[in-house]
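> One structure coming up, written as structure tokens, with questions to follow.
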Amino acid sequence: MSTSSATRPVLVAVGNPDRAEQLVRTAGDLARASDSPVKIASVVVKSHDSPFSVYSDETIIDQYAGNSRELLDRAIAVAPDDVTVDDAQVVSHSVSEGILAAVEQTNARALVVGWQARGSRTDAVLGSTIDRLIERAPCDLYVERIGHEANGVDSILVPVAGGPHVRPAVRVAAAIAARNDATVHLASVVDRETDSTAAGEYIDQARDALEDATGPPVRSESATYAGNDVATELLAVAADHDIIVFGATRQGALQRRLVGTIPRTVTRQTDKTVILARDGDAVGGSVLTQIRQLLTPS
């Protein structure tokens, strides 16, 4: 059943009680900024060959989903006190299908999930579940690297290079900044393929998106940087910030550069909190191809 626009929740999918607080906190920030509730979802997987497959979903939840209920209770316990929090247990044949069903049932305005970096090559770069959500989730999607949490937040770095994904990137940066009384730093790099005029336009677009973001106004600053290697330049800039928020960029060669090797290099070489933002209107395999490059081992 869909909910009205005013009450569309920020959905957060949790699967590990030790990591729930990190994701629930980000979801709470987004919900607070948009005056929305938080819905915490846990998926109970009912495989096709499971003896439980003959039971109804209600029976499975009631009698065989104790771990899922415990996980939700622990996630609710660490949720922010100043946002409305609800939970849902979803029975599905896979985690991804269960999360997608929860997105549809709640008409979620945004989805927050976590990913853990992998050390070996795999076709499912962020994990098959995350890959499927990137392809199909019909809402803004925020993928936060698990296990790398900022110890206090004073400044949030948002590298920008144009494109629709700047909006959700700036939105989550503003939401986190509002809770922490932090500053959003918009950064664009001038190199051999990006001149100062284009870099300035990217900054202007991001600044406009920041002004349009829901929630209280936050402090912001912006700068363009010059260097022959964009990743090296961003790594140097990132040293002065606590969180890095990447969004996909515009089409073409610039997209391949900034969505591929540059975020991948920065993510691998920093211990900062990293969030990947994908716009809800940009659903499809091309987006997965872009974000897939982030963690593909070279």
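Please note that chains go A, B, ... in the order of the structure tokens, that every chain numbers its residues from 1, and that ligands are numbered from 1 in the order shown.
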Skip Ala169 in chain A itself and residues of its chain fewer than 4 positions away, then list as an MDAnalysis selection string all residues within 10 Å of it, counting only C-alpha atoms.

chainID A and resid 140:142 158:160 164:165 173:174 206 209:210 244:248 275:279

> Please provide as number ranges by chain all residues within 6 Å of range 42-46 of chain A, with the sequence filter that same-chain residues fewer than 5 positions apart are discarded (counting only C-alpha atoms).

A: 14, 53, 89-95, 98

> Using backbone DSSP assignments, extract all strand (DSSP E or B) residues from range 125-209 of chain A; output them as number ranges by chain.

A: 140-145, 155-159, 183-191, 194

> What is the distance between CA of Trp115 in chain A and CA of Arg167 in chain A, in Å to one decimal?

21.4 Å

> Kindly indicate which residue among A:Arg219, A:Arg25, A:Arg8, A:Arg109 lies nearest to Asp281 in chain A, using only C-alpha atoms for the distances.

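Of the candidates, the smallest distance to Asp281 in chain A is held by A:Arg109.
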
> Enumerate the residues of range 42-208 of chain A with a DSSP assignment of helix (DSSP H, G or I), computed from the backbone, and present them as a ChimeraX atom specification.

/A:51-54,57-64,66-77,95-106,128-136,166-180,196-208

> Taking C-alpha atoms for each residue, export the selection above as a compact mmCIF listing (two decimals), in the first residue's frame.


```
# COMPACT_ATOMS: atom_id res chain seq x y z
CA PRO A 51 10.84 -26.65 4.01
CA PHE A 52 9.44 -23.33 5.22
CA SER A 53 8.41 -22.40 1.67
CA VAL A 54 5.07 -24.09 2.20
CA ASP A 57 4.69 -15.32 5.23
CA GLU A 58 2.79 -14.50 8.41
CA THR A 59 3.62 -17.91 9.90
CA ILE A 60 7.28 -17.59 8.99
CA ILE A 61 7.50 -14.15 10.61
CA ASP A 62 5.57 -15.26 13.66
CA GLN A 63 7.37 -18.54 14.35
CA TYR A 64 10.66 -18.68 12.48
CA GLY A 66 13.38 -14.57 15.68
CA ASN A 67 16.77 -13.29 14.49
CA SER A 68 15.09 -10.79 12.20
CA ARG A 69 12.90 -9.49 15.03
CA GLU A 70 15.92 -9.18 17.32
CA LEU A 71 17.80 -7.28 14.62
CA LEU A 72 14.94 -4.82 14.18
CA ASP A 73 14.61 -4.29 17.92
CA ARG A 74 18.31 -3.46 18.18
CA ALA A 75 18.11 -1.11 15.19
CA ILE A 76 15.10 0.71 16.64
CA ALA A 77 16.94 1.08 19.95
CA VAL A 95 17.28 -10.06 0.17
CA SER A 96 17.22 -7.77 -2.86
CA GLU A 97 13.68 -8.75 -3.85
CA GLY A 98 12.54 -8.26 -0.27
CA ILE A 99 14.03 -4.78 -0.08
CA LEU A 100 12.55 -3.83 -3.45
CA ALA A 101 9.16 -5.07 -2.25
CA ALA A 102 9.49 -2.91 0.87
CA VAL A 103 10.36 0.12 -1.29
CA GLU A 104 7.25 -0.44 -3.38
CA GLN A 105 4.95 -1.16 -0.44
CA THR A 106 6.00 1.95 1.47
CA SER A 128 24.74 -9.00 -5.79
CA THR A 129 22.10 -7.49 -3.49
CA ILE A 130 23.46 -3.95 -3.83
CA ASP A 131 23.94 -4.36 -7.56
CA ARG A 132 20.29 -5.31 -7.95
CA LEU A 133 19.16 -2.34 -5.87
CA ILE A 134 21.30 0.04 -7.93
CA GLU A 135 19.64 -1.27 -11.06
CA ARG A 136 16.05 -1.33 -9.87
CA VAL A 166 24.61 15.73 -7.65
CA ARG A 167 21.15 16.41 -6.17
CA PRO A 168 20.95 13.33 -3.91
CA ALA A 169 24.64 13.65 -3.05
CA VAL A 170 24.18 17.22 -1.90
CA ARG A 171 20.94 16.34 -0.13
CA VAL A 172 22.50 13.71 2.13
CA ALA A 173 25.50 15.94 2.75
CA ALA A 174 23.20 18.76 3.85
CA ALA A 175 21.16 16.42 6.06
CA ILE A 176 24.25 15.12 7.84
CA ALA A 177 25.67 18.63 8.16
CA ALA A 178 22.47 19.90 9.75
CA ARG A 179 22.64 17.33 12.55
CA ASN A 180 26.32 17.91 13.22
CA SER A 196 38.08 26.38 -15.02
CA THR A 197 34.84 27.48 -16.68
CA ALA A 198 33.35 23.97 -16.61
CA ALA A 199 34.56 23.41 -13.04
CA GLY A 200 32.89 26.65 -11.98
CA GLU A 201 29.64 25.60 -13.62
CA TYR A 202 29.69 22.31 -11.73
CA ILE A 203 30.15 24.21 -8.48
CA ASP A 204 27.26 26.54 -9.35
CA GLN A 205 24.96 23.60 -10.13
CA ALA A 206 25.84 21.93 -6.84
CA ARG A 207 25.34 25.16 -4.92
CA ASP A 208 21.87 25.52 -6.46
```

> For Ala79 in chain A, please output as a ChimeraX atom specification all residues within 12 Å (counting only C-alpha atoms; exclusion window: fewer than 2 positions along the same chain).

/A:12,20-29,31-32,37-40,72-77,81-87

> Generate the output file for the selected residues, N, CA and C atoms, as a PDB file, in the first residue's frame.


```pdb
ATOM      1  N   VAL A  12      15.464   2.095   5.480  1.00  0.00           N
ATOM      2  CA  VAL A  12      16.832   1.627   5.715  1.00  0.00           C
ATOM      3  C   VAL A  12      16.784   0.119   5.901  1.00  0.00           C
ATOM      4  N   ALA A  20      24.002  -1.640  12.332  1.00  0.00           N
ATOM      5  CA  ALA A  20      22.711  -0.980  12.156  1.00  0.00           C
ATOM      6  C   ALA A  20      22.775   0.500  12.509  1.00  0.00           C
ATOM      7  N   GLU A  21      23.481   0.845  13.577  1.00  0.00           N
ATOM      8  CA  GLU A  21      23.477   2.227  14.033  1.00  0.00           C
ATOM      9  C   GLU A  21      24.005   3.182  12.961  1.00  0.00           C
ATOM     10  N   GLN A  22      25.047   2.774  12.267  1.00  0.00           N
ATOM     11  CA  GLN A  22      25.629   3.618  11.233  1.00  0.00           C
ATOM     12  C   GLN A  22      24.605   3.957  10.154  1.00  0.00           C
ATOM     13  N   LEU A  23      23.871   2.957   9.677  1.00  0.00           N
ATOM     14  CA  LEU A  23      22.910   3.175   8.604  1.00  0.00           C
ATOM     15  C   LEU A  23      21.655   3.889   9.097  1.00  0.00           C
ATOM     16  N   VAL A  24      21.185   3.518  10.285  1.00  0.00           N
ATOM     17  CA  VAL A  24      19.991   4.149  10.835  1.00  0.00           C
ATOM     18  C   VAL A  24      20.246   5.630  11.107  1.00  0.00           C
ATOM     19  N   ARG A  25      21.440   5.977  11.509  1.00  0.00           N
ATOM     20  CA  ARG A  25      21.769   7.377  11.743  1.00  0.00           C
ATOM     21  C   ARG A  25      21.678   8.194  10.449  1.00  0.00           C
ATOM     22  N   THR A  26      22.216   7.645   9.351  1.00  0.00           N
ATOM     23  CA  THR A  26      22.133   8.352   8.065  1.00  0.00           C
ATOM     24  C   THR A  26      20.686   8.469   7.609  1.00  0.00           C
ATOM     25  N   ALA A  27      19.922   7.388   7.747  1.00  0.00           N
ATOM     26  CA  ALA A  27      18.505   7.445   7.386  1.00  0.00           C
ATOM     27  C   ALA A  27      17.776   8.472   8.231  1.00  0.00           C
ATOM     28  N   GLY A  28      18.107   8.544   9.514  1.00  0.00           N
ATOM     29  CA  GLY A  28      17.486   9.531  10.392  1.00  0.00           C
ATOM     30  C   GLY A  28      17.791  10.948   9.955  1.00  0.00           C
ATOM     31  N   ASP A  29      19.016  11.192   9.515  1.00  0.00           N
ATOM     32  CA  ASP A  29      19.376  12.531   9.029  1.00  0.00           C
ATOM     33  C   ASP A  29      18.536  12.914   7.818  1.00  0.00           C
ATOM     34  N   ALA A  31      15.622  11.659   6.957  1.00  0.00           N
ATOM     35  CA  ALA A  31      14.224  11.777   7.360  1.00  0.00           C
ATOM     36  C   ALA A  31      13.959  13.095   8.067  1.00  0.00           C
ATOM     37  N   ARG A  32      14.864  13.485   8.918  1.00  0.00           N
ATOM     38  CA  ARG A  32      14.710  14.743   9.658  1.00  0.00           C
ATOM     39  C   ARG A  32      14.654  15.930   8.694  1.00  0.00           C
ATOM     40  N   PRO A  37       9.131   9.968   8.137  1.00  0.00           N
ATOM     41  CA  PRO A  37       9.436   8.889   9.082  1.00  0.00           C
ATOM     42  C   PRO A  37      10.559   8.006   8.552  1.00  0.00           C
ATOM     43  N   VAL A  38      11.123   7.210   9.433  1.00  0.00           N
ATOM     44  CA  VAL A  38      12.092   6.184   9.064  1.00  0.00           C
ATOM     45  C   VAL A  38      11.412   4.826   9.162  1.00  0.00           C
ATOM     46  N   LYS A  39      11.605   4.022   8.151  1.00  0.00           N
ATOM     47  CA  LYS A  39      11.125   2.640   8.173  1.00  0.00           C
ATOM     48  C   LYS A  39      12.348   1.727   8.119  1.00  0.00           C
ATOM     49  N   ILE A  40      12.520   0.907   9.157  1.00  0.00           N
ATOM     50  CA  ILE A  40      13.642  -0.018   9.217  1.00  0.00           C
ATOM     51  C   ILE A  40      13.149  -1.386   8.772  1.00  0.00           C
ATOM     52  N   LEU A  72      15.747  -6.030  14.253  1.00  0.00           N
ATOM     53  CA  LEU A  72      14.937  -4.824  14.176  1.00  0.00           C
ATOM     54  C   LEU A  72      14.853  -4.125  15.529  1.00  0.00           C
ATOM     55  N   ASP A  73      14.697  -4.893  16.588  1.00  0.00           N
ATOM     56  CA  ASP A  73      14.615  -4.288  17.920  1.00  0.00           C
ATOM     57  C   ASP A  73      15.901  -3.546  18.259  1.00  0.00           C
ATOM     58  N   ARG A  74      17.032  -4.126  17.899  1.00  0.00           N
ATOM     59  CA  ARG A  74      18.311  -3.458  18.176  1.00  0.00           C
ATOM     60  C   ARG A  74      18.482  -2.220  17.308  1.00  0.00           C
ATOM     61  N   ALA A  75      18.007  -2.280  16.072  1.00  0.00           N
ATOM     62  CA  ALA A  75      18.107  -1.109  15.191  1.00  0.00           C
ATOM     63  C   ALA A  75      17.215   0.020  15.686  1.00  0.00           C
ATOM     64  N   ILE A  76      16.013  -0.308  16.125  1.00  0.00           N
ATOM     65  CA  ILE A  76      15.102   0.711  16.643  1.00  0.00           C
ATOM     66  C   ILE A  76      15.685   1.359  17.896  1.00  0.00           C
ATOM     67  N   ALA A  77      16.378   0.566  18.699  1.00  0.00           N
ATOM     68  CA  ALA A  77      16.942   1.083  19.950  1.00  0.00           C
ATOM     69  C   ALA A  77      17.984   2.163  19.711  1.00  0.00           C
ATOM     70  N   ASP A  81      15.873   9.912  18.409  1.00  0.00           N
ATOM     71  CA  ASP A  81      14.655  10.122  19.184  1.00  0.00           C
ATOM     72  C   ASP A  81      13.708  11.130  18.542  1.00  0.00           C
ATOM     73  N   ASP A  82      14.232  11.963  17.633  1.00  0.00           N
ATOM     74  CA  ASP A  82      13.416  13.054  17.114  1.00  0.00           C
ATOM     75  C   ASP A  82      12.808  12.771  15.747  1.00  0.00           C
ATOM     76  N   VAL A  83      12.817  11.506  15.319  1.00  0.00           N
ATOM     77  CA  VAL A  83      12.114  11.127  14.093  1.00  0.00           C
ATOM     78  C   VAL A  83      11.211   9.942  14.409  1.00  0.00           C
ATOM     79  N   THR A  84      10.135   9.831  13.651  1.00  0.00           N
ATOM     80  CA  THR A  84       9.213   8.708  13.818  1.00  0.00           C
ATOM     81  C   THR A  84       9.825   7.466  13.188  1.00  0.00           C
ATOM     82  N   VAL A  85       9.840   6.383  13.947  1.00  0.00           N
ATOM     83  CA  VAL A  85      10.483   5.154  13.480  1.00  0.00           C
ATOM     84  C   VAL A  85       9.486   4.003  13.521  1.00  0.00           C
ATOM     85  N   ASP A  86       9.452   3.259  12.440  1.00  0.00           N
ATOM     86  CA  ASP A  86       8.618   2.066  12.353  1.00  0.00           C
ATOM     87  C   ASP A  86       9.488   0.960  11.762  1.00  0.00           C
ATOM     88  N   ASP A  87       8.994  -0.268  11.773  1.00  0.00           N
ATOM     89  CA  ASP A  87       9.788  -1.361  11.235  1.00  0.00           C
ATOM     90  C   ASP A  87       8.917  -2.279  10.402  1.00  0.00           C
TER      91      ASP A  87
END
```

> Under the rule that only C-alpha atoms are counted, which of A:Glu233, A:Thr265, A:Ser155, A:Ala33 is the nearest residue to Glu221 in chain A?

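The shortest atom-to-atom distance to Glu221 in chain A comes from A:Ser155.
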
> Calculated over only C-alpha atoms, which of the candidates A:Leu30, A:Leu157, A:Ala41, A:Ala236 has the smallest distance to Ala13 in chain A?

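The closest residue to Ala13 in chain A is A:Ala41.
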
> Give me, as JSON lines, each residue of range 82-184 of chain A that comes within 8 Å of range 267-274 of chain A, together with its shortest interatomic pair and the distance in Å at one decimal, counting only C-alpha atoms, with rows ordered by chain and rising residue number.


```
{"residue": "A:Glu144", "atom": "CA", "partner": "A:Val274", "partner_atom": "CA", "distance": 6.0}
{"residue": "A:Arg145", "atom": "CA", "partner": "A:Val274", "partner_atom": "CA", "distance": 5.6}
{"residue": "A:His148", "atom": "CA", "partner": "A:Thr273", "partner_atom": "CA", "distance": 5.0}
{"residue": "A:Glu149", "atom": "CA", "partner": "A:Thr273", "partner_atom": "CA", "distance": 5.1}
{"residue": "A:Ala150", "atom": "CA", "partner": "A:Thr273", "partner_atom": "CA", "distance": 5.7}
```

> As an exercise, work out the distance from CA of Thr7 in chain A to CA of Gly215 in chain A in Å and give it to one decimal place.

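One can read the CA of Thr7 in chain A to CA of Gly215 in chain A distance as 15.3 Å.
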